[in-house]
Structure formats: structure tokens, C-alpha cells
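A.B. asks: My file is structure_1.cif. It has mmCIF, C-alpha atoms:
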data_input
loop_
_atom_site.label_atom_id
_atom_site.label_comp_id
_atom_site.auth_asym_id
_atom_site.auth_seq_id
_atom_site.Cartn_x
_atom_site.Cartn_y
_atom_site.Cartn_z
CA MET A 10 0.00 0.00 0.00
CA PRO A 11 1.54 3.33 -1.06
CA LEU A 12 1.82 6.03 1.61
CA VAL A 13 0.60 9.57 0.99
CA HIS A 14 3.95 10.87 2.26
CA PHE A 15 7.16 9.11 3.21
CA PHE A 16 7.53 8.14 6.87
CA GLU A 17 10.96 8.25 8.47
CA THR A 18 12.17 7.11 11.89
CA SER A 19 15.63 6.41 13.28
CA PHE A 20 15.42 3.07 11.40
CA GLY A 21 15.04 4.65 7.97
CA ARG A 22 12.50 5.98 5.47
CA VAL A 23 9.58 4.15 3.82
CA TYR A 24 7.34 5.20 0.93
CA SER A 25 4.99 2.22 1.02
CA ARG A 26 4.09 -0.69 3.30
CA ARG A 27 4.02 -4.36 2.52
CA ILE A 28 1.19 -5.63 4.71
CA LEU A 29 0.36 -9.16 5.83
CA LEU A 30 -3.36 -9.76 6.34
CA LEU A 31 -4.98 -12.88 7.76
CA THR A 32 -8.54 -14.12 7.39
CA ALA A 33 -9.86 -16.69 9.86
CA HIS A 34 -12.75 -18.72 8.42
CA CYS A 35 -14.87 -19.74 11.42
CA GLU A 36 -17.96 -21.77 10.53
CA GLY A 37 -19.34 -19.25 8.06
CA VAL A 38 -17.97 -16.16 9.80
CA ASP A 39 -14.80 -14.49 8.55
CA GLY A 40 -12.61 -12.54 10.95
CA TRP A 41 -9.80 -10.33 9.72
CA GLY A 42 -6.46 -9.68 11.39
CA GLU A 43 -3.31 -7.82 10.46
CA CYS A 44 0.26 -8.82 11.24
CA VAL A 45 2.20 -5.64 12.00
CA ALA A 46 5.61 -7.15 11.23
CA GLY A 47 7.67 -5.00 8.90
CA GLU A 48 9.37 -5.78 5.63
CA ASP A 49 12.74 -5.93 7.38
CA PRO A 50 13.96 -7.06 10.84
CA TYR A 51 14.86 -3.54 11.98
CA TYR A 52 12.13 -2.45 14.39
CA SER A 53 11.78 -6.02 15.61
CA SER A 54 13.41 -9.40 15.07
CA GLU A 55 10.07 -10.43 13.60
CA TRP A 56 9.42 -9.57 9.99
CA ILE A 57 7.00 -10.72 7.32
CA GLU A 58 9.20 -13.58 6.14
CA THR A 59 9.29 -15.06 9.66
CA ALA A 60 5.58 -14.48 10.29
CA ILE A 61 4.30 -16.33 7.23
CA PRO A 62 6.05 -19.70 7.82
CA THR A 63 5.47 -19.49 11.58
CA ILE A 64 1.73 -19.07 11.00
CA ARG A 65 1.66 -21.74 8.31
CA GLU A 66 3.76 -24.41 10.02
CA TYR A 67 3.01 -23.91 13.72
CA LEU A 68 0.37 -21.39 14.80
CA ALA A 69 -2.47 -22.18 12.42
CA PRO A 70 -2.11 -25.97 12.86
CA ALA A 71 -2.27 -25.46 16.64
CA ILE A 72 -5.84 -24.18 16.41
CA PHE A 73 -7.24 -26.18 13.48
CA GLY A 74 -10.28 -28.22 14.46
CA LYS A 75 -10.54 -26.70 17.92
CA ASP A 76 -13.87 -25.58 19.36
CA LEU A 77 -12.84 -22.42 21.20
CA LYS A 78 -15.05 -21.05 23.97
CA SER A 79 -13.67 -17.60 23.12
CA ALA A 80 -11.11 -16.11 20.77
CA GLY A 81 -8.68 -15.63 23.65
CA ALA A 82 -8.56 -19.40 24.19
CA CYS A 83 -6.23 -19.63 21.20
CA THR A 84 -3.38 -18.09 23.20
CA SER A 85 -2.78 -21.21 25.29
CA LEU A 86 -2.85 -23.36 22.15
CA MET A 87 -0.15 -21.20 20.53
CA ALA A 88 1.94 -20.81 23.71
CA LYS A 89 4.29 -23.66 22.81
CA VAL A 90 5.78 -21.37 20.16
CA ARG A 91 8.13 -18.92 21.86
CA GLY A 92 8.01 -15.30 20.77
CA HIS A 93 6.52 -14.50 17.34
CA ARG A 94 4.06 -12.18 19.06
CA MET A 95 3.13 -10.31 15.89
CA ALA A 96 2.22 -13.54 14.11
CA LYS A 97 0.18 -14.69 17.12
CA ALA A 98 -1.61 -11.34 17.29
CA ALA A 99 -2.74 -11.63 13.68
CA ILE A 100 -4.49 -14.89 14.54
CA GLU A 101 -6.02 -13.90 17.87
CA ASN A 102 -7.23 -10.54 16.61
CA ALA A 103 -8.85 -12.15 13.58
CA LEU A 104 -10.60 -14.63 15.89
CA CYS A 105 -11.77 -11.76 18.14
CA ASP A 106 -13.23 -10.06 15.09
CA ALA A 107 -15.01 -13.30 14.16
CA GLU A 108 -16.29 -13.79 17.72
CA ALA A 109 -17.71 -10.27 17.83
CA ILE A 110 -19.49 -10.82 14.51
CA GLN A 111 -20.78 -14.23 15.60
CA THR A 112 -22.11 -12.84 18.90
CA GLN A 113 -23.53 -9.76 17.13
CA GLN A 114 -21.66 -7.18 19.20
CA PRO A 115 -19.09 -4.51 18.40
CA LEU A 116 -15.51 -5.60 18.90
CA TRP A 117 -14.95 -2.80 21.41
CA LYS A 118 -17.76 -4.11 23.61
CA LEU A 119 -16.38 -7.65 23.41
CA LEU A 120 -13.10 -6.25 24.78
CA GLY A 121 -14.87 -4.45 27.63
CA GLY A 122 -14.50 -0.94 26.24
CA LYS A 123 -16.42 2.04 27.59
CA ARG A 124 -15.50 5.06 25.48
CA ARG A 125 -17.74 6.09 22.59
CA GLU A 126 -15.14 8.50 21.22
CA ILE A 127 -11.37 8.10 20.91
CA PRO A 128 -9.07 11.12 21.36
CA CYS A 129 -6.48 11.12 18.58
CA GLY A 130 -2.91 12.22 18.21
CA VAL A 131 -0.53 12.03 15.28
CA SER A 132 2.98 10.75 14.77
CA ILE A 133 5.12 12.83 12.41
CA GLY A 134 8.27 11.28 11.03
CA ILE A 135 11.66 12.85 10.42
CA GLN A 136 11.48 15.32 7.55
CA ASP A 137 13.92 16.74 4.99
CA SER A 138 14.07 20.08 6.79
CA VAL A 139 12.86 21.84 9.93
CA ASP A 140 10.62 24.06 7.81
CA GLN A 141 8.98 20.99 6.26
CA LEU A 142 8.38 19.59 9.74
CA LEU A 143 6.83 22.85 10.95
CA GLU A 144 4.50 22.84 7.95
CA LYS A 145 3.34 19.32 8.81
CA VAL A 146 2.81 20.21 12.47
CA ALA A 147 0.75 23.24 11.41
CA VAL A 148 -1.50 21.05 9.25
CA GLU A 149 -2.14 18.55 12.05
CA VAL A 150 -2.74 21.22 14.71
CA ALA A 151 -5.25 22.88 12.39
CA ALA A 152 -6.93 19.50 11.82
CA GLY A 153 -7.67 19.29 15.55
CA TYR A 154 -5.37 16.48 16.62
CA ARG A 155 -4.98 16.46 20.39
CA ARG A 156 -1.33 15.44 20.64
CA ILE A 157 1.61 15.91 18.30
CA LYS A 158 4.39 13.34 18.43
CA ILE A 159 7.59 13.77 16.46
CA LYS A 160 10.30 11.23 15.77
CA VAL A 161 13.73 12.19 17.08
CA LYS A 162 17.31 10.97 16.83
CA PRO A 163 20.71 12.53 17.54
CA GLY A 164 21.02 15.59 15.33
CA TRP A 165 17.24 15.84 14.90
CA ASP A 166 15.92 16.54 18.38
CA LEU A 167 16.57 19.75 20.34
CA ASN A 168 16.93 21.73 17.12
CA VAL A 169 13.39 20.74 16.04
CA LEU A 170 11.68 20.68 19.44
CA GLU A 171 12.75 24.28 20.07
CA PRO A 172 11.01 25.89 17.05
CA ILE A 173 7.91 23.72 17.53
CA ARG A 174 7.53 24.72 21.16
CA ALA A 175 8.30 28.40 20.37
CA ARG A 176 5.50 28.47 17.78
CA TRP A 177 3.00 26.32 19.71
CA PRO A 178 3.70 26.80 23.43
CA ASP A 179 0.46 25.17 24.57
CA ILE A 180 0.01 22.06 22.41
CA ILE A 181 0.45 18.59 23.91
CA LEU A 182 3.81 17.60 22.47
CA SER A 183 5.80 14.39 22.79
CA CYS A 184 8.68 12.70 21.02
CA ASP A 185 9.65 9.15 20.09
CA ALA A 186 13.30 8.10 19.93
CA ASN A 187 12.89 4.48 18.85
CA SER A 188 15.95 3.56 20.93
CA ALA A 189 18.22 6.13 19.28
CA TYR A 190 20.13 7.12 22.47
CA THR A 191 22.32 5.54 25.15
CA LEU A 192 22.75 6.25 28.84
CA ASP A 193 26.03 8.03 28.03
CA GLN A 194 23.87 10.83 26.59
CA VAL A 195 22.00 11.58 29.82
CA GLU A 196 23.19 15.20 29.87
CA HIS A 197 21.82 15.68 26.38
CA LEU A 198 18.55 13.95 27.24
CA ARG A 199 18.16 16.18 30.30
CA LYS A 200 17.87 19.13 27.91
CA PHE A 201 14.56 17.72 26.68
CA ASP A 202 13.02 18.80 30.01
CA GLN A 203 12.87 22.44 28.88
CA PHE A 204 10.19 21.70 26.28
CA ASN A 205 7.41 20.58 28.67
CA LEU A 206 6.88 17.31 26.83
CA LEU A 207 4.11 14.89 27.66
CA MET A 208 6.74 12.14 27.36
CA ILE A 209 9.81 10.85 25.62
CA GLU A 210 9.14 7.43 24.17
CA GLN A 211 11.68 4.60 24.27
CA PRO A 212 14.86 6.71 24.42
CA LEU A 213 17.21 3.79 25.20
CA TRP A 214 17.63 0.18 24.05
CA ASN A 215 14.56 -1.64 22.75
CA ASP A 216 14.93 -4.54 25.20
CA ASP A 217 15.86 -2.51 28.28
CA VAL A 218 14.06 -1.69 31.52
CA PHE A 219 16.94 -1.34 34.01
CA TYR A 220 18.73 1.58 32.36
CA HIS A 221 15.45 3.34 31.62
CA ALA A 222 14.83 3.29 35.38
CA ARG A 223 18.19 4.97 35.92
CA LEU A 224 17.44 7.53 33.23
CA GLN A 225 13.97 8.32 34.61
CA ARG A 226 15.59 9.28 37.92
CA GLU A 227 17.82 11.74 36.05
CA ILE A 228 15.24 13.57 33.92
CA LYS A 229 11.94 15.31 34.66
CA THR A 230 10.26 14.34 31.41
CA SER A 231 8.14 11.21 31.75
CA ILE A 232 9.51 8.17 29.97
CA CYS A 233 7.05 6.09 27.99
CA LEU A 234 8.08 2.53 27.20
CA ASP A 235 7.03 0.83 23.98
CA GLU A 236 9.33 -1.85 22.57
CA SER A 237 10.53 -2.88 26.06
CA ILE A 238 6.99 -3.91 27.03
CA ARG A 239 6.57 -7.31 25.41
CA ASN A 240 4.00 -8.64 27.87
CA ALA A 241 2.23 -7.98 31.18
CA ARG A 242 5.24 -9.11 33.23
CA ASP A 243 7.43 -6.52 31.53
CA ALA A 244 4.83 -3.86 32.29
CA ALA A 245 4.76 -4.81 35.98
CA VAL A 246 8.56 -4.73 36.25
CA ALA A 247 8.82 -1.40 34.43
CA LEU A 248 6.24 0.31 36.62
CA GLU A 249 7.44 -1.17 39.89
CA THR A 250 11.06 -0.16 39.19
CA GLY A 251 10.14 3.33 38.00
CA ALA A 252 11.46 2.77 34.49
CA CYS A 253 8.50 4.63 33.02
CA ARG A 254 5.37 6.54 33.96
CA ILE A 255 3.43 5.84 30.75
CA ILE A 256 3.06 2.74 28.53
CA ASN A 257 2.38 2.56 24.82
CA ILE A 258 0.34 -0.57 24.02
CA LYS A 259 0.54 -1.87 20.47
CA VAL A 260 -1.86 -4.79 20.27
CA GLY A 261 -0.18 -6.18 17.17
CA ARG A 262 3.23 -6.16 18.84
CA VAL A 263 2.43 -7.62 22.28
CA GLY A 264 0.78 -10.77 20.95
CA GLY A 265 -2.87 -9.83 20.58
CA PHE A 266 -5.83 -8.53 22.53
CA SER A 267 -5.47 -10.88 25.51
CA GLU A 268 -1.99 -9.66 26.42
CA ALA A 269 -2.88 -6.05 25.61
CA LEU A 270 -5.77 -6.22 28.10
CA LYS A 271 -3.48 -7.61 30.79
CA ILE A 272 -0.97 -4.79 30.25
CA HIS A 273 -3.82 -2.27 30.39
CA ASP A 274 -5.03 -3.66 33.70
CA ILE A 275 -1.56 -3.70 35.29
CA ALA A 276 -0.94 -0.10 34.26
CA HIS A 277 -4.36 0.88 35.57
CA SER A 278 -3.57 -0.70 38.95
CA HIS A 279 -0.41 1.46 39.11
CA ASN A 280 -2.35 4.58 38.04
CA ALA A 281 -0.12 4.80 34.97
CA PRO A 282 -1.94 5.92 31.81
CA VAL A 283 -1.63 3.99 28.57
CA TRP A 284 -2.20 4.92 24.95
CA CYS A 285 -2.48 3.02 21.70
CA GLY A 286 0.49 3.20 19.37
CA GLY A 287 0.43 2.68 15.62
CA MET A 288 2.53 0.53 13.31
CA LEU A 289 1.45 2.07 9.99
CA GLU A 290 -1.47 -0.35 9.90
CA SER A 291 -4.04 -0.56 7.16
CA GLY A 292 -7.65 0.11 8.09
CA ILE A 293 -8.00 -3.43 9.47
CA GLY A 294 -5.30 -2.99 12.09
CA ARG A 295 -6.50 0.57 12.64
CA ALA A 296 -10.03 -0.68 13.43
CA HIS A 297 -8.56 -3.05 16.03
CA ASN A 298 -6.61 -0.15 17.57
CA ILE A 299 -9.80 1.89 17.82
CA ALA A 300 -11.58 -0.95 19.62
CA LEU A 301 -8.71 -1.34 22.09
CA SER A 302 -8.60 2.41 22.74
CA THR A 303 -12.12 2.36 24.19
CA LEU A 304 -10.83 0.75 27.39
CA GLU A 305 -10.90 2.84 30.55
CA ASN A 306 -7.19 3.45 31.08
CA PHE A 307 -6.46 4.70 27.56
CA ARG A 308 -6.35 8.21 28.97
CA LEU A 309 -3.90 9.75 26.52
CA PRO A 310 -4.44 10.44 22.80
CA GLY A 311 -3.05 7.59 20.74
CA ASP A 312 -1.62 7.29 17.24
CA VAL A 313 -4.94 6.13 15.80
CA SER A 314 -5.35 8.85 13.22
CA ALA A 315 -7.37 9.17 10.00
CA SER A 316 -6.81 6.82 7.06
CA LYS A 317 -6.17 9.74 4.71
CA ARG A 318 -3.11 10.82 6.73
CA TYR A 319 -1.27 7.72 5.58
CA TRP A 320 -2.99 5.94 2.72
CA LYS A 321 -3.90 7.11 -0.75
CA GLU A 322 -6.72 4.56 -0.51
CA ASP A 323 -7.56 2.40 2.49
CA ILE A 324 -8.90 -1.17 2.35
CA ILE A 325 -11.91 -0.52 4.59
CA GLU A 326 -15.07 1.50 4.18
CA PRO A 327 -15.87 3.93 5.44
CA GLU A 328 -12.30 5.01 5.95
CA VAL A 329 -11.31 6.03 9.47
CA GLN A 330 -12.21 9.68 9.94
CA VAL A 331 -11.24 12.11 12.68
CA SER A 332 -13.49 15.03 13.64
CA SER A 333 -12.31 18.63 13.83
CA GLN A 334 -12.19 18.10 17.61
CA GLY A 335 -9.62 15.31 17.17
CA LEU A 336 -12.02 12.45 17.94
CA ILE A 337 -12.99 9.15 16.32
CA SER A 338 -16.52 7.91 16.99
CA VAL A 339 -16.80 4.16 17.49
CA SER A 340 -19.28 2.05 15.55
CA ASP A 341 -22.06 -0.12 16.99
CA GLU A 342 -21.85 -2.51 14.04
CA PRO A 343 -20.91 -6.11 14.93
CA GLY A 344 -17.22 -6.87 14.67
CA ARG A 345 -14.59 -4.33 13.72
CA GLY A 346 -17.20 -1.77 12.58
CA TYR A 347 -15.83 -1.32 9.06
CA GLU A 348 -16.50 -3.24 5.86
CA ILE A 349 -13.58 -4.92 4.11
CA ARG A 350 -12.87 -3.83 0.54
CA GLU A 351 -11.99 -7.29 -0.68
CA ASP A 352 -11.86 -6.10 -4.29
CA LEU A 353 -9.12 -3.60 -3.48
CA ILE A 354 -7.28 -6.16 -1.38
CA GLU A 355 -7.30 -8.57 -4.32
CA LYS A 356 -5.98 -5.82 -6.58
CA LEU A 357 -3.11 -5.07 -4.18
CA THR A 358 -2.31 -8.67 -3.28
CA VAL A 359 1.06 -10.01 -4.44
CA ARG A 360 1.02 -13.29 -2.52
CA LYS A 361 -1.74 -15.42 -1.05
CA GLU A 362 -1.90 -18.73 0.80
CA THR A 363 -4.88 -20.71 2.03
CA ILE A 364 -4.11 -22.99 4.94
CA SER A 365 -6.42 -25.64 6.36
CA ALA A 366 -5.96 -28.85 8.31
CA GLY A 367 -3.58 -30.97 6.23
CA VAL A 368 -3.98 -28.77 3.14
CA ARG A 369 -2.09 -25.74 1.89
CA ALA A 370 -2.83 -23.93 -1.38
CA ILE A 371 -0.66 -21.13 -2.78
#
Rewrite the coordinates I just gave you, this time as C-alpha cells.

C.D. replies:
Amino acid sequence: MPLVHFFETSFGRVYSRRILLLTAHCEGVDGWGECVAGEDPYYSSEWIETAIPTIREYLAPAIFGKDLKSAGACTSLMAKVRGHRMAKAAIENALCDAEAIQTQQPLWKLLGGKRREIPCGVSIGIQDSVDQLLEKVAVEVAAGYRRIKIKVKPGWDLNVLEPIRARWPDIILSCDANSAYTLDQVEHLRKFDQFNLLMIEQPLWNDDVFYHARLQREIKTSICLDESIRNARDAAVALETGACRIINIKVGRVGGFSEALKIHDIAHSHNAPVWCGGMLESGIGRAHNIALSTLENFRLPGDVSASKRYWKEDIIEPEVQVSSQGLISVSDEPGRGYEIREDLIEKLTVRKETISAGVRAI
């Protein structure tokens, strides 16, 4: 799927996304899931070419022929496979979608959500120039988004935060480092405090909690952990050690809705707010993010923004829309709340496999 505008982080720049979708055929009901693994093993050790064979050879066979009392019951069946959380999430989330359709309730209600409207923020990647970045921030502020997040890395941080904050002193502003710094740069990171940021997201190593706890004691800005939070146990350790004050939950990265709900509940018990991060999902993954964001402790605007911000044409209808107040209204339709544009998916598809018990067709 081609992006409207390139998106750059400390990992690099992308102009399009290769997306892995999964359809679970459940006794006449089809549930759709999206695997958020990237094209390359940069953000995560998982990538599309690990997800496909893992689903085909291990995860899908683990649930074939099983009569599940709920979609979440699949997690114990897939537990024998270590890791591969993005591949597991694609399956569980598709089954949750199917369960919601089968039980004739919106997915957000199946998850226990309460909110009828989702406050939205935006994530703005690294640009070619500071002026280009300021233009993009101006567009999103005018569109009503309730939080602006910019990607940062050494050489693209204080010099861009300063003009943004000078021009918009009152907006809710945060930044995401995607593990671009080390603890040796604590003096530099302390300078972020002057910008009154909501948070700095994942400044240090992607698998670290210990050194984030040391850093949090040295800076005033709240640390938000993302990649370090792989599961509910990680969330408990991070909050109890003071490694962060905020958690970013990406349902497609932590293994699916079941684990995302556990992380939500642990953070809630520590009075630590959570928000829903994005992985440049298509409308299918975006619909799942909306459903998750209706839970009580999603108190901060997430990265669940409008389809048109990213995609020239999305694969759902209606496309996700954000009001001028920076809100998304949730649907009462059964399941994900959006129709699948299967014709467009077929047009965009470059590879397809159908897997069933003992049978695989390419």
C-alpha cells in the first residue's frame, strides 16, 4: 500500500508498506487480522518472512479443528511457540473479530471498552528540513489532533523541538526516539526537560528496563516505554522499578488482545496511563486499535489517526475519519465496525496462501 507521504524514523524511510493480512474462516464467519511485522527485521526481530512460515507451520495448525469457547482461548494453544508475538496477534485478533461478529456485538464491547469517542494524536516522522516539519505540524494542529508526536534521533531533536515549542507553546507535544540514544547521553537527554513534553518514548535500548529506570531518575520528562513492554510481566517490572510513567500498548506487537488487556489492567492498577500506538497499519489494524482504545485506562491520545493521513486509498469502508475536535466515533456494528474492501485487497495482493488442516494452497 503506497503512503501519501514518506515516513521516516531512526530506522530509515519508507514510501509504502508491505502488509500481511490474515482471514480466519470460522464456521461461516470471517474474521480479519493484520500482522504488524515489517518488511525488514529492523524495528523487531520479527518480519514478514518469519511471520508467514510461523503461522503456516506452527500457529495455524495449533488451532485447526478446535472448538474455542472464546477467541482468547487460542493463546494457550499457541503458547508452545516462543516469541513471534506479531504472528500470534494476527491470529487472535482475527478470531476476536469473528467472535464479535458471531455474537452480534461490536468488537470494542467484546473487549470491555467504555469510550464512545477516541481522542487522537498524530505521529510525524523525520522530515527533509525543519521548515517541512513545521508545515506538517501546522497542518495537524489545524486538523484538531490532540497530541503531536515527532520522531527524534541525535542531530534531529533539540533543534526541532525548540522551534515547535516556540510556535505552539500550549500544544500537547511528545517525542519518540525508537531507541536512538544511550545512557552516556543523559546530559543531552536532560535538555529535553525544557520543552514541557508529555513524554519521551523509548529513548534507550529496545529490550531494556533497568537503564530506563536509571534515566527516569535523572530527567523530569516522563519516559514512555514501547518496545521494552513485550508482555504484562514486563509492564509490571517497568512500573514497579520506576522505568517509566506511561506505557504505549501496540496490540499487534504484544501478541494480541489478551496480552494487551493484561498490560492495560496492570498499568491501571499502578495509576499509569496507557495509549495506543500505531505501526502504519491498514484500516484493518486501525479498526482493532480503535476498539482497544475504548478501554478505561487509555487516557492519553493515541496514534490512531485518519486513514487519509497515511494511505492514498484504504482497504476498509468507510475510511477512518477524525473530527475537527480530534475524535474518532466508534461504531455499533458487529465486529470491527468497518466493511472490508476485498476487491481492493485482491488488486493489491502479491502473494496469497490458504491454509487448512492438512492442506495448503498457494

A.B. asks: Rank nothing, just name the residue among A:Lys229, A:Arg262, A:Arg176, A:Lys78 nearest to Phe201 (chain A), using all atoms listed in the file.

C.D. replies: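 Closest to Phe201 (chain A), using all atoms listed in the file: A:Lys229.
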
A.B. asks: Could you check which of A:Ile57, A:Ala98, A:Ala80, A:Leu304 is closest to Trp117 (chain A), using all atoms listed in the file?

C.D. replies: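 Comparing A:Ile57, A:Ala98, A:Ala80, A:Leu304 against Trp117 (chain A), the winner is A:Leu304.
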
A.B. asks: Apply the PyMOL selection byres ((chain A and resi 338) around 7) to the displayed file and report the matching residues as a VMD selection string.

C.D. replies: chain A and resid 125 to 127 336 to 337 339 to 340

A.B. asks: As a check of understanding, name the residues that the PyMOL selection byres ((chain A and resi 159) around 12) selects in the supplied structure, as a PyMOL selection string.

C.D. replies: chain A and resi 16-19+130-136+139+142-143+145-146+149+156-158+160-162+165-167+169-170+173-174+181-187+206-210+312

A.B. asks: Could you check the closest approach to Leu224 (chain A) for each of A:Gly21, A:Gly42, A:Pro212, A:Gly122 and tell me which residue wins, using all atoms listed in the file?

C.D. replies: A:Pro212

A.B. asks: So how many Å separate CA of Gly74 (chain A) and CA of Glu101 (chain A), to one decimal?

C.D. replies: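 So the answer is 15.3 Å.
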
A.B. asks: Check the smallest atom-to-atom distance from each of A:Ile64, A:Met10, A:Val260, A:Ala88 to Ser365 (chain A) using all atoms listed in the file, then report the winner.

C.D. replies: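 The shortest atom-to-atom distance to Ser365 (chain A) comes from A:Ile64.
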
A.B. asks: Considering all atoms listed in the file, return as a PyMOL selection string whatever protein or nucleic-acid residues lie within 12 Å of Glu249 (chain A), sequence-local ones (same chain, fewer than 4 positions apart) excluded.

C.D. replies: chain A and resi 218-219+222+242-245+253-254+275-276+278-281
